[in-house]
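Here's the structure we're looking at; comments come further down.
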Amino acid sequence: MSFSVETQCVRFPSLELDCGVTLVNVDCAYETYGSLNGDRSNAILVTHAFSGDAHAAGISADGQPGWWSNMIGPGLGFDTDRYFVICANVLGGCRGTTGPACLDPTTGQPYGMHFPVITIGDIVRLQKRLTGHLGIEKLLAVVGGSMGGMQVLEWAVAYPECVAAAIPIATTARHSAQQIAFNEVGRQAIMADPDWNQGDYYSSKPPARGLAVARMVGHITYMSDASMRQKFGRRLRDKDAFGFDFSVDFEVESYLRYRGSQFVNRFDANSYLYITKAMDYFDLSNGKPSLSAAFDRTKARFLVLSFSSDWLYPTYQSLEIVSALRGRNVDVAFCELPSHYGHDAFLLEVKEQTAMVKGFLASVFEDLSR
Amino acid sequence: MTAQTAAEVNRNVLARRDYAMIAELVRPASRVLDLGCGEGELLAWLREYKNVDARGVEIEGAKVQRAIARGVSVYQGDLESGLRDYPDRSFDFIILSQTLQEMRHPLGVLQEMLRVGEHVIVSFPNFGHWTVRVAHLFSGRAPKTELFPYDWYDSPNLHFLTVDDFVLLCRRQGWTIEHRVCLNGDREVTMMPNLLSEMAVFSIRR
C-alpha cells in the first residue's frame, strides 16, 4: 500500500530502568497509520522484532516500504481504515529511539558501553509512555513477532488493564539455552572485532566485520533447512566450477555475505549487544512461582501463532504460553501455521495471518463495544 | 474411503441435528467450551445469539484457521490434552458433539470434562437403534447402516455405545443426568429410545 509516512519523535525527560539506572532525555521514534477514533478505542501497537524499526508500514520519505507493509494498511490484516496503528523503535535501538549510539547528556559523548543494560520490561515501559503521550489509555491490541512477541507478552503482564487483546507471534515467554547461545555467538563476533574497541568506535571505524558475521549467523537461524535448500541448494555463484580458494563459491555464501554487509549500514553494533541481552534476560516467569502465575492479572484475549518450520522459536514455546494462559482460564486462540520458511514465516505467510488477525480483531472490537 | 473423509461424512450424515438441542441447553451469557468444534459454527452461533464466552478445541489446522477468522477463540490441539491445563470449573458448559465414540479413552475424557465444566453436554449416535441390530443380526457382519455407513476398517468410530450404555455409565459414576433428548430424524423419541432413536443428547453433571 503506497501511502507516505514520516517517522516522528517524542522526548521524555526520564525513564527508570529495571537495572536501577534512570535515563534522562529519552527519545522515542514512532510512526502511526490510520486515525484514532472518538473514544480512543481502536489503537493497535505493533512491536518490532530484533532488527526492525518504527517504519512498519507505508512508504518512507526515501522510498522504503515498511517492514510489515503487507500486513498494515487500508484493507489489510491490520486495517488502517478501521484501526489506528502505532509502531515505535525499541529502547536501545539505533533508528531514532535512544540507544548506545546516542549522546549521553551527562558527558556529551556517545553512550557506548556506558549505556545501561536494558530489558524487555524497559522497552515496554517506554512504549507505555508513548501511548500515554498519544492520549491512549487502553490499546485494542498489541501485536508482534519474535522479539516483538516478547514485548506483547510483557505488555499483557505489566499493564493488564491497558491491553484488550494480545497477538504474540513466533515467540517465547523465555529465551532457551539455544536462543541465548546464538545471541552469544553474535555478541562474541562483534566483541572479537578489534574495531569494536570496547564499544568506543563512534569517532572511528565501526566493527563492521564482527557485526556482519553476527548477522550472518542470525540469518541462518531465521531460515529453515528446507527454505535454504529451495532458495540456494548447492548452486554456485557466477561460476561453473569450484574456485579452489576462499572467495565466494556457493550462492548461500554470497547471500549471507550480502545480508551481513547490508546490515552494517543500518544497524549499530552496540545496539546489537544491548538488544540481544534484553532478549536473553527475558523470562516472563521471573520471580513468579510459575509461568501461569505471571498471567494472574491478565484480562486480554490472546491469539498465539507459531510456524511449523520455525526452529528458532519452535511451536513448543508457543504452546508453553498457551498452556500457561489456560491455567488461568485466559481466553486464548492458538494455531500452528504450516510453512517451510522457518522463523521468517511470520513476515512472509501473509494470507493466513491476515484472515485470522482480521476476524480476531473484529471480534475483540465487538466485545469492547458490547 | 479414508478415515478422515469418513469422519467428515459422519458429521454431514448426522447433519448436526444435535446442534439445535445443544443450543437450547446452553444458558445465555455463560462460559462454553466446545471440544472438536470444527470451524466453530456452533460457537459462532452461541456467541451471536446467546452472548456466551465461546471457546473451542480442534485438531485440524485448516479448521482452526477458519474458526479464528470468524472470530471464535479456538485452540489447535487434541481434546484430551486440551482439557488438562484448565483449572476446575473453568466453564459452565462443555460440549462434545458426535465425538465421544471416536475417543480412545471416553471415560477419561468425560471425567476431565466434568472436572473443568459444571455441565457436560454430550451427543452421540445410538448403536442400539433397531436398524443397527437388524443389520448385525441378519448380515452377521459389522453393521453398516445409514447411521453407521462405514466398513469396520475405515470407521472413525472406536466405540459402539447405546443410550442404555450411557445411562448405565452415569449411574455407575454417580453422575446426574440433567437432560436427555433422543432423536430419530428430527423427531424426539420418548418411548423405547434405546431401540428407536438414532442419536442422543445428554446433559450431565457431577
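Residue numbering restarts at 1 in every chain; chains get A, B, ... in the order shown in the C-alpha cells, and ligands count up from 1 in that same order.
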With the cut-off set at 10 Å and counting only C-alpha atoms, tabulate each residue of chain A with an atom at most that distance from an atom of chain B, showing the nearest atom pair and its distance in Å to one decimal, ordered by chain and increasing number, as JSON lines.
{"residue": "A:Ser292", "atom": "CA", "partner": "B:Asp85", "partner_atom": "CA", "distance": 9.9}
{"residue": "A:Arg301", "atom": "CA", "partner": "B:Ser73", "partner_atom": "CA", "distance": 8.7}
{"residue": "A:Phe302", "atom": "CA", "partner": "B:Ser73", "partner_atom": "CA", "distance": 8.4}
{"residue": "A:Leu303", "atom": "CA", "partner": "B:Ser73", "partner_atom": "CA", "distance": 7.9}
{"residue": "A:Val304", "atom": "CA", "partner": "B:Tyr75", "partner_atom": "CA", "distance": 9.1}
{"residue": "A:Leu319", "atom": "CA", "partner": "B:Gly77", "partner_atom": "CA", "distance": 9.7}
{"residue": "A:Val322", "atom": "CA", "partner": "B:Tyr75", "partner_atom": "CA", "distance": 8.6}
{"residue": "A:Ser323", "atom": "CA", "partner": "B:Asp85", "partner_atom": "CA", "distance": 5.9}
{"residue": "A:Ala324", "atom": "CA", "partner": "B:Asp85", "partner_atom": "CA", "distance": 7.5}
{"residue": "A:Leu325", "atom": "CA", "partner": "B:Asp85", "partner_atom": "CA", "distance": 8.6}
{"residue": "A:Arg326", "atom": "CA", "partner": "B:Tyr86", "partner_atom": "CA", "distance": 5.4}
{"residue": "A:Gly327", "atom": "CA", "partner": "B:Tyr86", "partner_atom": "CA", "distance": 5.0}
{"residue": "A:Arg328", "atom": "CA", "partner": "B:Pro87", "partner_atom": "CA", "distance": 7.1}
{"residue": "A:Asn329", "atom": "CA", "partner": "B:Tyr86", "partner_atom": "CA", "distance": 6.2}
{"residue": "A:Val330", "atom": "CA", "partner": "B:Tyr86", "partner_atom": "CA", "distance": 9.5}
{"residue": "A:Asp331", "atom": "CA", "partner": "B:Ser73", "partner_atom": "CA", "distance": 7.0}
{"residue": "A:Val332", "atom": "CA", "partner": "B:Ser73", "partner_atom": "CA", "distance": 6.2}
{"residue": "A:Ala333", "atom": "CA", "partner": "B:Ser73", "partner_atom": "CA", "distance": 4.5}
{"residue": "A:Phe334", "atom": "CA", "partner": "B:Tyr75", "partner_atom": "CA", "distance": 4.6}
{"residue": "A:Cys335", "atom": "CA", "partner": "B:Gln76", "partner_atom": "CA", "distance": 5.3}
{"residue": "A:Glu336", "atom": "CA", "partner": "B:Gly61", "partner_atom": "CA", "distance": 7.0}
{"residue": "A:Leu337", "atom": "CA", "partner": "B:Gly61", "partner_atom": "CA", "distance": 7.2}
{"residue": "A:Pro338", "atom": "CA", "partner": "B:Gly61", "partner_atom": "CA", "distance": 8.4}
{"residue": "A:Glu352", "atom": "CA", "partner": "B:Gln65", "partner_atom": "CA", "distance": 7.4}
{"residue": "A:Gln353", "atom": "CA", "partner": "B:Gln65", "partner_atom": "CA", "distance": 8.8}
{"residue": "A:Thr354", "atom": "CA", "partner": "B:Ala69", "partner_atom": "CA", "distance": 8.6}
{"residue": "A:Ala355", "atom": "CA", "partner": "B:Ala69", "partner_atom": "CA", "distance": 5.3}
{"residue": "A:Met356", "atom": "CA", "partner": "B:Ala69", "partner_atom": "CA", "distance": 4.1}
{"residue": "A:Val357", "atom": "CA", "partner": "B:Ala69", "partner_atom": "CA", "distance": 7.0}
{"residue": "A:Lys358", "atom": "CA", "partner": "B:Ala69", "partner_atom": "CA", "distance": 6.7}
{"residue": "A:Gly359", "atom": "CA", "partner": "B:Ala69", "partner_atom": "CA", "distance": 4.2}
{"residue": "A:Phe360", "atom": "CA", "partner": "B:Gly71", "partner_atom": "CA", "distance": 4.8}
{"residue": "A:Leu361", "atom": "CA", "partner": "B:Gly71", "partner_atom": "CA", "distance": 7.7}
{"residue": "A:Ala362", "atom": "CA", "partner": "B:Gly71", "partner_atom": "CA", "distance": 7.0}
{"residue": "A:Ser363", "atom": "CA", "partner": "B:Gly71", "partner_atom": "CA", "distance": 5.0}
{"residue": "A:Val364", "atom": "CA", "partner": "B:Gly71", "partner_atom": "CA", "distance": 8.1}
{"residue": "A:Glu366", "atom": "CA", "partner": "B:Gly71", "partner_atom": "CA", "distance": 9.8}
{"residue": "A:Asp367", "atom": "CA", "partner": "B:Asn51", "partner_atom": "CA", "distance": 9.9}
{"residue": "A:Arg370", "atom": "CA", "partner": "B:Asn51", "partner_atom": "CA", "distance": 9.8}
Please run DSSP on the backbone and report, as a count of residues only, all residues within range 29-177 of chain B that come out as alpha helix (DSSP H).
-> 57
Going by DSSP on the backbone, which bits of range 25-179 of chain B are strand (DSSP E)? Write them as a count of residues only, please.
-> 35
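The space separating CA of Gln179 in chain A from CA of Leu347 in chain A comes to 19.4 Å.
Distances from B:Trp175, B:Phe93, B:Phe127, B:Tyr49 to Leu158 in chain B were compared using only C-alpha atoms, and the smallest one belongs to B:Phe127.
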Which residue of A:Arg259, A:His48, A:Arg234, A:His133 approaches Thr171 in chain A most closely, using only C-alpha atoms = A:His48
Distance criterion (only C-alpha atoms): nearest to Arg172 in chain B out of B:Met191, B:Leu107, B:Leu114, B:Ala135 | B:Leu107
Pick out the residues sitting within 10 Å of Pro125 in chain B, and hand them over as a tab-separated table (two decimals) with C-alpha atoms, in the first residue's frame; count only C-alpha atoms, and ignore anything fewer than 3 positions along from it in its own chain.
chain	number	residue	atom	x	y	z
B	10	ASN	CA	-20.19	-38.75	9.88
B	14	LEU	CA	-25.84	-36.62	11.07
B	97	SER	CA	-20.80	-33.32	19.84
B	98	GLN	CA	-20.68	-36.62	17.92
B	99	THR	CA	-17.15	-37.37	19.01
B	100	LEU	CA	-17.40	-39.49	22.18
B	101	GLN	CA	-17.48	-42.70	20.14
B	128	GLY	CA	-28.75	-49.64	19.89
B	129	HIS	CA	-31.01	-48.37	17.11
B	147	LEU	CA	-26.37	-44.18	10.73
B	148	PHE	CA	-23.12	-46.14	10.60
B	157	ASN	CA	-15.90	-44.88	15.48
B	160	PHE	CA	-20.26	-48.54	19.83
B	161	LEU	CA	-22.29	-47.29	22.74
B	162	THR	CA	-26.04	-47.16	23.14
B	163	VAL	CA	-28.37	-44.86	25.04
B	182	CYS	CA	-33.26	-38.84	21.99
B	183	LEU	CA	-33.84	-38.16	18.32
B	197	SER	CA	-33.55	-43.24	18.47
B	198	GLU	CA	-30.63	-42.64	16.11
B	199	MET	CA	-28.93	-40.10	18.29
B	200	ALA	CA	-28.93	-38.93	21.88
B	201	VAL	CA	-28.06	-35.64	23.52
Mind checking which residues fall within 12 Å of Ser203 in chain A, counting only C-alpha atoms, ignoring those fewer than 4 positions away in the same chain, and posting them as a PyMOL selection string?
-> chain A and resi 101+109-110+112+195-197+199
Writer output for current selection, C-alpha atoms, as a CSV table (one decimal), in the first residue's frame:
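As a result, out.csv now contains:
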chain,number,residue,atom,x,y,z
A,101,ALA,CA,24.9,5.3,19.8
A,109,GLN,CA,29.9,11.7,24.3
A,110,PRO,CA,28.1,8.7,22.8
A,112,GLY,CA,28.8,3.3,24.0
A,195,ASP,CA,37.3,-2.2,15.6
A,196,TRP,CA,34.8,-2.7,18.4
A,197,ASN,CA,37.3,-1.1,20.8
A,199,GLY,CA,32.2,-0.1,22.3
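Distance-wise, CA of Tyr316 in chain A and CA of Thr221 in chain A end up 16.7 Å apart.
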